[in-house]
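The data block below is entry.pdb; it holds PDB, C-alpha atoms.
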```
ATOM      1  CA  MET A   1       1.248   1.486  32.478
ATOM      2  CA  THR A   2       2.471   4.351  30.258
ATOM      3  CA  LEU A   3       1.146   6.142  27.178
ATOM      4  CA  GLN A   4       4.202   4.876  25.326
ATOM      5  CA  GLN A   5       3.258   1.259  26.057
ATOM      6  CA  LEU A   6      -0.273   1.914  24.822
ATOM      7  CA  GLN A   7       1.136   3.338  21.595
ATOM      8  CA  TYR A   8       3.289   0.225  21.205
ATOM      9  CA  ILE A   9       0.331  -2.170  21.424
ATOM     10  CA  ILE A  10      -1.694   0.008  19.037
ATOM     11  CA  SER A  11       1.138  -0.091  16.516
ATOM     12  CA  LEU A  12       1.679  -3.839  16.894
ATOM     13  CA  ASN A  13      -2.026  -4.468  16.395
ATOM     14  CA  ARG A  14      -1.990  -2.328  13.256
ATOM     15  CA  HIS A  15       1.071  -3.923  11.670
ATOM     16  CA  ARG A  16       0.926  -7.434  13.178
ATOM     17  CA  SER A  17       4.705  -7.417  12.985
ATOM     18  CA  PHE A  18       7.166  -6.543  15.758
ATOM     19  CA  ALA A  19       9.691  -5.265  13.212
ATOM     20  CA  LYS A  20       7.240  -2.941  11.438
ATOM     21  CA  ALA A  21       5.679  -1.758  14.704
ATOM     22  CA  ALA A  22       9.107  -0.962  16.150
ATOM     23  CA  GLU A  23      10.085   0.945  13.001
ATOM     24  CA  THR A  24       6.876   2.980  13.145
ATOM     25  CA  CYS A  25       7.425   3.807  16.811
ATOM     26  CA  GLY A  26      11.089   4.686  16.284
ATOM     27  CA  VAL A  27      12.488   2.073  18.685
ATOM     28  CA  THR A  28      14.346  -1.192  18.362
ATOM     29  CA  GLN A  29      12.404  -4.422  18.098
ATOM     30  CA  PRO A  30      13.769  -5.782  21.441
ATOM     31  CA  THR A  31      12.714  -2.555  23.196
ATOM     32  CA  LEU A  32       9.175  -2.729  21.840
ATOM     33  CA  SER A  33       8.876  -6.421  22.663
ATOM     34  CA  LYS A  34      10.198  -5.862  26.191
ATOM     35  CA  MET A  35       7.833  -2.973  26.915
ATOM     36  CA  ILE A  36       4.779  -4.871  25.676
ATOM     37  CA  ALA A  37       5.765  -7.920  27.736
ATOM     38  CA  LYS A  38       6.167  -5.638  30.771
ATOM     39  CA  LEU A  39       2.648  -4.271  30.261
ATOM     40  CA  GLU A  40       1.254  -7.801  29.985
ATOM     41  CA  ASP A  41       2.991  -8.744  33.241
ATOM     42  CA  GLU A  42       1.608  -5.656  34.945
ATOM     43  CA  LEU A  43      -1.954  -6.396  33.797
ATOM     44  CA  ASP A  44      -1.480 -10.156  34.264
ATOM     45  CA  VAL A  45      -3.030 -10.913  30.855
ATOM     46  CA  ARG A  46      -1.799 -11.823  27.403
ATOM     47  CA  ILE A  47      -2.579  -8.987  25.012
ATOM     48  CA  PHE A  48      -1.096 -10.771  21.986
ATOM     49  CA  SER A  49      -0.745 -14.392  20.917
ATOM     50  CA  ARG A  50       2.647 -14.945  19.326
ATOM     51  CA  THR A  51       3.936 -17.721  17.092
ATOM     52  CA  ASN A  52       6.709 -17.902  14.523
ATOM     53  CA  LYS A  53       4.166 -17.177  11.788
ATOM     54  CA  TYR A  54       1.820 -14.542  13.191
ATOM     55  CA  VAL A  55       0.991 -12.039  15.906
ATOM     56  CA  GLU A  56      -2.633 -11.344  16.778
ATOM     57  CA  PRO A  57      -4.490  -9.918  19.772
ATOM     58  CA  THR A  58      -6.229 -12.181  22.240
ATOM     59  CA  SER A  59      -9.887 -11.693  23.111
ATOM     60  CA  ILE A  60      -9.067  -9.488  26.101
ATOM     61  CA  GLY A  61      -6.252  -7.926  24.086
ATOM     62  CA  ARG A  62      -8.691  -6.569  21.507
ATOM     63  CA  LYS A  63     -10.645  -4.830  24.265
ATOM     64  CA  ILE A  64      -7.472  -3.381  25.791
ATOM     65  CA  ILE A  65      -6.278  -2.134  22.397
ATOM     66  CA  ALA A  66      -9.657  -0.507  21.682
ATOM     67  CA  GLN A  67      -9.434   1.366  24.971
ATOM     68  CA  ALA A  68      -5.793   2.280  24.306
ATOM     69  CA  GLU A  69      -6.837   3.808  20.966
ATOM     70  CA  LYS A  70      -9.404   5.979  22.742
ATOM     71  CA  VAL A  71      -6.779   7.147  25.231
ATOM     72  CA  ALA A  72      -4.265   7.911  22.468
ATOM     73  CA  THR A  73      -6.908   9.838  20.536
ATOM     74  CA  GLU A  74      -7.786  11.999  23.522
ATOM     75  CA  VAL A  75      -4.133  12.711  24.290
ATOM     76  CA  GLY A  76      -3.601  13.649  20.666
ATOM     77  CA  ARG A  77      -6.584  15.984  20.872
ATOM     78  CA  ILE A  78      -4.935  17.853  23.754
ATOM     79  CA  GLU A  79      -1.849  18.364  21.599
ATOM     80  CA  GLU A  80      -4.049  19.564  18.731
ATOM     81  CA  LEU A  81      -5.837  22.081  20.958
ATOM     82  CA  VAL A  82      -2.490  23.520  22.047
ATOM     83  CA  ALA A  83      -1.300  23.706  18.425
ATOM     84  CA  GLU A  84      -4.448  25.647  17.468
ATOM     85  CA  THR A  85      -3.513  28.447  19.880
ATOM     86  CA  LYS A  86      -0.277  29.159  18.027
ATOM     87  CA  ASP A  87      -0.126  31.615  15.133
ATOM     88  CA  HIS A  88       2.222  29.453  13.100
ATOM     89  CA  VAL A  89       0.519  26.505  11.389
ATOM     90  CA  SER A  90       2.561  23.333  11.659
ATOM     91  CA  GLY A  91       2.213  19.654  12.341
ATOM     92  CA  TYR A  92       1.288  16.518  10.470
ATOM     93  CA  PHE A  93      -1.766  16.368   8.206
ATOM     94  CA  ARG A  94      -3.040  13.065   6.794
ATOM     95  CA  LEU A  95      -5.426  13.469   3.869
ATOM     96  CA  SER A  96      -7.264  10.908   1.769
ATOM     97  CA  VAL A  97      -8.840  11.602  -1.631
ATOM     98  CA  GLY A  98     -11.348   9.527  -3.582
ATOM     99  CA  PRO A  99      -9.939   7.915  -6.765
ATOM    100  CA  SER A 100     -12.537   9.586  -9.017
ATOM    101  CA  ILE A 101     -11.430  13.024  -7.741
ATOM    102  CA  ALA A 102      -7.690  12.608  -7.177
ATOM    103  CA  PRO A 103      -6.532  13.033 -10.831
ATOM    104  CA  TYR A 104      -8.076  16.493 -11.020
ATOM    105  CA  ILE A 105      -6.902  18.056  -7.779
ATOM    106  CA  LEU A 106      -3.835  16.243  -6.442
ATOM    107  CA  PRO A 107      -1.110  17.392  -8.892
ATOM    108  CA  ASP A 108      -1.764  21.102  -8.250
ATOM    109  CA  PHE A 109      -2.763  20.565  -4.632
ATOM    110  CA  ILE A 110       0.564  18.980  -3.698
ATOM    111  CA  ARG A 111       2.549  21.647  -5.568
ATOM    112  CA  ILE A 112       0.709  24.597  -3.990
ATOM    113  CA  TYR A 113       0.366  23.177  -0.491
ATOM    114  CA  GLU A 114       3.992  22.156  -0.081
ATOM    115  CA  SER A 115       5.217  25.532  -1.325
ATOM    116  CA  GLU A 116       2.940  27.578   0.965
ATOM    117  CA  TYR A 117       2.836  25.467   4.139
ATOM    118  CA  THR A 118       6.399  24.320   4.539
ATOM    119  CA  SER A 119       6.003  23.596   8.267
ATOM    120  CA  VAL A 120       3.231  21.061   7.685
ATOM    121  CA  SER A 121       4.124  17.451   6.931
ATOM    122  CA  LEU A 122       1.542  16.332   4.383
ATOM    123  CA  ALA A 123       0.665  12.697   3.703
ATOM    124  CA  ILE A 124      -1.915  11.816   1.033
ATOM    125  CA  GLU A 125      -3.493   8.494   0.132
ATOM    126  CA  GLU A 126      -6.218   7.567  -2.347
ATOM    127  CA  MET A 127      -9.121   5.742  -0.686
ATOM    128  CA  ARG A 128     -12.616   4.654  -1.547
ATOM    129  CA  ILE A 129     -15.129   6.297   0.713
ATOM    130  CA  GLU A 130     -15.827   3.188   2.808
ATOM    131  CA  ASN A 131     -12.142   2.911   3.719
ATOM    132  CA  MET A 132     -11.957   6.671   4.163
ATOM    133  CA  PHE A 133     -14.704   6.667   6.785
ATOM    134  CA  GLU A 134     -13.124   3.731   8.583
ATOM    135  CA  SER A 135      -9.770   5.542   8.660
ATOM    136  CA  LEU A 136     -11.389   8.742   9.926
ATOM    137  CA  LEU A 137     -13.172   6.953  12.759
ATOM    138  CA  SER A 138     -10.000   5.106  13.761
ATOM    139  CA  ASN A 139      -8.079   8.417  13.662
ATOM    140  CA  ASN A 140      -5.664   7.185  10.989
ATOM    141  CA  ILE A 141      -6.353  10.234   8.790
ATOM    142  CA  ASP A 142      -7.373  13.835   9.515
ATOM    143  CA  ALA A 143      -9.710  14.439   6.578
ATOM    144  CA  GLY A 144     -10.991  12.925   3.358
ATOM    145  CA  ILE A 145     -12.177  14.469   0.088
ATOM    146  CA  ALA A 146     -14.852  12.444  -1.711
ATOM    147  CA  ILE A 147     -18.222  12.547  -3.467
ATOM    148  CA  GLY A 148     -20.684  14.439  -1.266
ATOM    149  CA  GLY A 149     -23.971  13.311   0.180
ATOM    150  CA  LYS A 150     -22.601  10.354   2.111
ATOM    151  CA  SER A 151     -23.234   9.952   5.813
ATOM    152  CA  LYS A 152     -22.001   7.923   8.757
ATOM    153  CA  ASP A 153     -22.277   8.339  12.499
ATOM    154  CA  GLY A 154     -19.303  10.227  13.870
ATOM    155  CA  ILE A 155     -18.439  11.807  10.499
ATOM    156  CA  PHE A 156     -19.052  15.477   9.615
ATOM    157  CA  GLU A 157     -19.425  16.589   5.975
ATOM    158  CA  ILE A 158     -18.401  20.018   4.663
ATOM    159  CA  PRO A 159     -19.468  20.770   1.039
ATOM    160  CA  LEU A 160     -16.580  22.026  -1.116
ATOM    161  CA  TYR A 161     -17.714  22.348  -4.723
ATOM    162  CA  GLN A 162     -20.174  21.146  -7.348
ATOM    163  CA  GLU A 163     -18.761  19.997 -10.666
ATOM    164  CA  PRO A 164     -20.912  19.916 -13.830
ATOM    165  CA  PHE A 165     -20.940  16.877 -16.103
ATOM    166  CA  TRP A 166     -20.532  17.087 -19.870
ATOM    167  CA  VAL A 167     -21.346  14.571 -22.616
ATOM    168  CA  TYR A 168     -18.408  12.858 -24.305
ATOM    169  CA  LEU A 169     -19.145  11.313 -27.725
ATOM    170  CA  ALA A 170     -17.309   8.767 -29.809
ATOM    171  CA  GLU A 171     -15.773  10.170 -32.995
ATOM    172  CA  ASN A 172     -18.225   8.204 -35.154
ATOM    173  CA  CYS A 173     -21.306   8.851 -33.015
ATOM    174  CA  ARG A 174     -24.265   9.734 -35.221
ATOM    175  CA  ARG A 175     -26.044  11.733 -32.515
ATOM    176  CA  LYS A 176     -23.683  14.698 -32.507
ATOM    177  CA  LEU A 177     -26.152  17.261 -31.229
ATOM    178  CA  PRO A 178     -24.776  20.673 -30.169
ATOM    179  CA  VAL A 179     -26.440  20.292 -26.751
ATOM    180  CA  PHE A 180     -27.885  17.219 -25.032
ATOM    181  CA  SER A 181     -30.919  17.055 -22.768
ATOM    182  CA  PRO A 182     -31.168  14.325 -20.113
ATOM    183  CA  GLU A 183     -33.813  12.269 -21.950
ATOM    184  CA  GLN A 184     -31.474  11.911 -24.929
ATOM    185  CA  LEU A 185     -28.929  10.046 -22.798
ATOM    186  CA  SER A 186     -31.075   7.075 -21.824
ATOM    187  CA  HIS A 187     -30.311   4.439 -24.404
ATOM    188  CA  GLU A 188     -28.075   1.460 -24.957
ATOM    189  CA  ASN A 189     -25.143   3.417 -26.364
ATOM    190  CA  MET A 190     -24.336   5.206 -23.134
ATOM    191  CA  TRP A 191     -21.435   3.952 -21.008
ATOM    192  CA  ILE A 192     -21.363   4.815 -17.321
ATOM    193  CA  MET A 193     -19.138   4.151 -14.329
ATOM    194  CA  LYS A 194     -20.755   3.514 -10.979
ATOM    195  CA  GLU A 195     -18.626   5.427  -8.500
ATOM    196  CA  ALA A 196     -17.842   8.502 -10.570
ATOM    197  CA  GLN A 197     -21.197   8.980 -12.284
ATOM    198  CA  CYS A 198     -23.866   7.715  -9.910
ATOM    199  CA  LEU A 199     -25.835  10.940  -9.487
ATOM    200  CA  ARG A 200     -28.199   9.931  -6.716
ATOM    201  CA  GLU A 201     -29.696  13.402  -6.268
ATOM    202  CA  SER A 202     -29.938  14.155  -9.979
ATOM    203  CA  ALA A 203     -33.185  14.518 -11.884
ATOM    204  CA  PHE A 204     -31.810  11.967 -14.337
ATOM    205  CA  SER A 205     -29.819   9.782 -11.984
ATOM    206  CA  PHE A 206     -28.037   6.996 -13.826
ATOM    207  CA  CYS A 207     -28.512   4.810 -10.757
ATOM    208  CA  LYS A 208     -32.300   4.774 -10.879
ATOM    209  CA  ALA A 209     -32.843   2.744 -14.013
ATOM    210  CA  LYS A 210     -30.914  -0.516 -13.986
ATOM    211  CA  GLU A 211     -31.520  -1.035 -17.705
ATOM    212  CA  THR A 212     -30.080   2.369 -18.599
ATOM    213  CA  GLY A 213     -26.738   2.423 -20.346
ATOM    214  CA  ARG A 214     -23.938  -0.087 -20.757
ATOM    215  CA  ARG A 215     -22.754  -0.302 -17.192
ATOM    216  CA  VAL A 216     -19.003  -0.446 -16.603
ATOM    217  CA  TYR A 217     -19.084  -0.611 -12.820
ATOM    218  CA  GLU A 218     -15.448  -1.207 -12.028
ATOM    219  CA  ALA A 219     -13.684   0.971 -14.578
ATOM    220  CA  GLY A 220     -10.606   2.372 -12.903
ATOM    221  CA  ASN A 221     -11.089   6.025 -13.860
ATOM    222  CA  ILE A 222     -12.712   8.433 -16.287
ATOM    223  CA  GLU A 223      -9.750   8.251 -18.660
ATOM    224  CA  THR A 224     -10.356   4.524 -19.046
ATOM    225  CA  LEU A 225     -14.038   5.175 -19.741
ATOM    226  CA  VAL A 226     -13.175   7.751 -22.420
ATOM    227  CA  ARG A 227     -10.982   5.159 -24.117
ATOM    228  CA  VAL A 228     -13.844   2.649 -23.933
ATOM    229  CA  VAL A 229     -16.055   5.133 -25.777
ATOM    230  CA  ASP A 230     -13.341   5.869 -28.363
ATOM    231  CA  ALA A 231     -12.897   2.172 -29.053
ATOM    232  CA  ASN A 232     -16.511   0.982 -28.874
ATOM    233  CA  GLY A 233     -18.654   3.948 -29.895
ATOM    234  CA  GLY A 234     -21.540   5.542 -28.060
ATOM    235  CA  PHE A 235     -21.064   8.187 -25.385
ATOM    236  CA  THR A 236     -20.623   8.817 -21.691
ATOM    237  CA  ILE A 237     -20.586  11.737 -19.267
ATOM    238  CA  ILE A 238     -17.406  13.237 -17.853
ATOM    239  CA  PRO A 239     -16.733  15.775 -15.074
ATOM    240  CA  GLU A 240     -15.823  19.259 -16.299
ATOM    241  CA  MET A 241     -12.326  19.121 -14.830
ATOM    242  CA  HIS A 242     -11.515  16.166 -17.076
ATOM    243  CA  ILE A 243     -11.930  18.232 -20.252
ATOM    244  CA  PRO A 244      -8.437  19.848 -20.063
ATOM    245  CA  LEU A 245      -6.958  16.327 -19.942
ATOM    246  CA  LEU A 246      -8.436  15.393 -23.333
ATOM    247  CA  ASN A 247      -6.377  15.718 -26.488
ATOM    248  CA  THR A 248      -7.329  18.238 -29.172
ATOM    249  CA  GLN A 249      -9.355  15.736 -31.203
ATOM    250  CA  GLN A 250     -11.200  14.414 -28.157
ATOM    251  CA  LYS A 251     -12.178  17.934 -27.062
ATOM    252  CA  GLU A 252     -14.147  18.238 -30.316
ATOM    253  CA  ASN A 253     -16.367  15.405 -29.041
ATOM    254  CA  VAL A 254     -17.522  17.173 -25.855
ATOM    255  CA  ARG A 255     -21.043  18.611 -25.578
ATOM    256  CA  PRO A 256     -22.870  20.467 -22.768
ATOM    257  CA  LEU A 257     -26.033  19.277 -21.039
ATOM    258  CA  ALA A 258     -29.059  21.526 -21.459
ATOM    259  CA  GLY A 259     -30.351  23.425 -18.438
ATOM    260  CA  ASP A 260     -29.645  22.743 -14.794
ATOM    261  CA  HIS A 261     -31.002  19.250 -14.225
ATOM    262  CA  GLY A 262     -28.778  18.396 -11.315
ATOM    263  CA  SER A 263     -26.186  17.150 -13.795
ATOM    264  CA  ARG A 264     -23.273  17.737 -11.454
ATOM    265  CA  ARG A 265     -21.405  15.901  -8.761
ATOM    266  CA  LYS A 266     -21.028  17.280  -5.270
ATOM    267  CA  VAL A 267     -17.612  17.022  -3.663
ATOM    268  CA  SER A 268     -17.118  17.382   0.096
ATOM    269  CA  ILE A 269     -14.423  17.174   2.719
ATOM    270  CA  TYR A 270     -15.147  14.754   5.574
ATOM    271  CA  ILE A 271     -13.755  14.960   9.114
ATOM    272  CA  ARG A 272     -14.462  13.326  12.463
ATOM    273  CA  HIS A 273     -17.272  15.069  14.320
ATOM    274  CA  ASP A 274     -14.841  15.982  17.123
ATOM    275  CA  TYR A 275     -11.944  17.201  14.968
ATOM    276  CA  VAL A 276     -10.429  20.375  16.467
ATOM    277  CA  ARG A 277      -7.562  21.580  14.238
ATOM    278  CA  GLU A 278      -9.477  24.335  12.475
ATOM    279  CA  LYS A 279      -6.426  26.289  11.289
ATOM    280  CA  LEU A 280      -4.778  23.240   9.785
ATOM    281  CA  LEU A 281      -8.002  22.180   8.063
ATOM    282  CA  ASN A 282      -8.361  25.660   6.573
ATOM    283  CA  THR A 283      -4.946  25.365   4.925
ATOM    284  CA  VAL A 284      -6.432  22.494   2.910
ATOM    285  CA  ILE A 285      -9.573  24.520   2.130
ATOM    286  CA  ALA A 286      -7.512  27.538   1.025
ATOM    287  CA  THR A 287      -5.487  25.350  -1.328
ATOM    288  CA  ILE A 288      -8.598  23.725  -2.814
ATOM    289  CA  ILE A 289     -10.067  27.180  -3.539
ATOM    290  CA  LYS A 290      -6.979  28.010  -5.628
ATOM    291  CA  ILE A 291      -7.396  24.847  -7.713
ATOM    292  CA  ILE A 292     -11.123  24.563  -8.375
ATOM    293  CA  PRO A 293     -12.784  26.948 -10.902
ATOM    294  CA  SER A 294     -14.595  29.723  -9.033
ATOM    295  CA  HIS A 295     -18.034  28.891 -10.475
ATOM    296  CA  MET A 296     -17.912  25.472  -8.784
ATOM    297  CA  ILE A 297     -16.806  26.456  -5.261
ATOM    298  CA  GLU A 298     -19.349  26.753  -2.448
ATOM    299  CA  ASN A 299     -19.779  30.450  -1.613
ATOM    300  CA  SER A 300     -19.732  29.886   2.143
ATOM    301  CA  ILE A 301     -16.343  28.173   1.918
ATOM    302  CA  VAL A 302     -14.857  31.123   0.023
ATOM    303  CA  LYS A 303     -16.282  33.689   2.460
ATOM    304  CA  TYR A 304     -15.795  31.985   5.792
ATOM    305  CA  GLY A 305     -13.603  28.932   5.355
ATOM    306  CA  VAL A 306     -14.339  26.241   7.959
ATOM    307  CA  ARG A 307     -15.354  27.035  11.518
ATOM    308  CA  LEU A 308     -15.340  24.147  13.955
TER     309      LEU A 308
END
```
Any chance you could give the structure as structure tokens?
Amino acid sequence: MTLQQLQYIISLNRHRSFAKAAETCGVTQPTLSKMIAKLEDELDVRIFSRTNKYVEPTSIGRKIIAQAEKVATEVGRIEELVAETKDHVSGYFRLSVGPSIAPYILPDFIRIYESEYTSVSLAIEEMRIENMFESLLSNNIDAGIAIGGKSKDGIFEIPLYQEPFWVYLAENCRRKLPVFSPEQLSHENMWIMKEAQCLRESAFSFCKAKETGRRVYEAGNIETLVRVVDANGGFTIIPEMHIPLLNTQQKENVRPLAGDHGSRRKVSIYIRHDYVREKLLNTVIATIIKIIPSHMIENSIVKYGVRL
């Protein structure tokens, strides 16, 4: 039994295709098939059931693959520990970003990161937080940036920044006050979007009252919600970093919220509890600090970065 064979069965389980698994592992399909068959002969069990239509692990195969993933993770951690001792930051970093955050940070993040850390291979994917946590625990990604305040066993949260919300009004809205207080937002003309605007820790959380607002739960993004308001009237709330994306006329329809009522969303970076590549993680933190307005960034992140 070799580490290479374990990597082959992990890849085949992930792709459920000999061709895709072989491509991922950088070998020919016959080589991958032969090495997996050799491992099955050595263990005297069938790890995968194969037909012309599908490939799937057997009952004992699932247990073997789960153990193989643990072994591969630990071996990878040894490589990461060695990499951390070197002055030059390099390697492969896999980052996921929540869809309600990605439009505001990814364009500049990719530009800055790839120009400053040329020895790091960066891969980014948008993920909802449930999939993000699953990918972190299965070691498919290194870190994820998403709405803060979430928790899951085996996941560590590092607060990054807090972004204020503003009121966005329709052009014909009759309630064009210069400043809005929270109590003035609770009526039938308010549109909200579950994932981006569910302020669970806010004094006026839009999640608490089910009858509050016209609830557009599955709107794809804030831009879509702004268009809904433009077309249907009423108002919504938008994160501050969306304001520069509005056109000149739309910017005239933005109003602040009075006081500090918790009307902001917390954004964090999530990692596995046993993640060790501190230097590589801090390249991401350093890039985020250059993108996010200084009044939003957590002071401890600016002063100390991340210490694992």
Just so the selection is clear, what residues does the PyMOL selection byres ((chain A and resi 148) around 12) cover here, as a VMD selection string?
chain A and resid 98 101 129 144 to 147 149 to 151 156 to 163 195 to 196 198 to 201 264 to 270
So which residues touch region 54-65 of chain A within 10 Å, counting all atoms listed in the file, skipping near sequence neighbours fewer than 2 positions away, as an MDAnalysis selection string?
chainID A and resid 6:18 40 45:52 67:71
Chain and number of each residue from the PyMOL selection byres ((chain A and resi 108) around 10), as a list in words
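Applying the expression gives Pro103, Tyr104, Ile105, Leu106, Pro107, Phe109, Ile110, Arg111, Ile112, Tyr113, Thr287, Ile288, Lys290, Ile291 and Ile292 of chain A.
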From A:Leu308, A:Met132, A:Ile238, A:Val254, residue lying nearest Asn221 (chain A) [all atoms listed in the file]:
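The closest residue to Asn221 (chain A) is A:Ile238.
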Just the number, please: distance in Å from CA of Thr283 (chain A) to CA of Ile78 (chain A), one decimal.
20.3 Å
Using all atoms listed in the file, which of A:Tyr168, A:Trp191, A:Phe133, A:Tyr275 sits nearest Glu74 (chain A)?
A:Tyr275
Gap from CA of Ile285 (chain A) to CA of Ile222 (chain A) - Å, one decimal
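Result for CA of Ile285 (chain A) versus CA of Ile222 (chain A): 24.7 Å, one decimal.
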Please measure the separation of CA of Val89 (chain A) and CA of Arg272 (chain A), giving the value in Å to one decimal.
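Separation of CA of Val89 (chain A) and CA of Arg272 (chain A): 20.0 Å.
Between Ala102 (chain A) and the candidates A:Val276, A:Leu43, A:Leu225, A:His242, the tightest atom-to-atom separation, counting all atoms listed in the file, involves A:His242.
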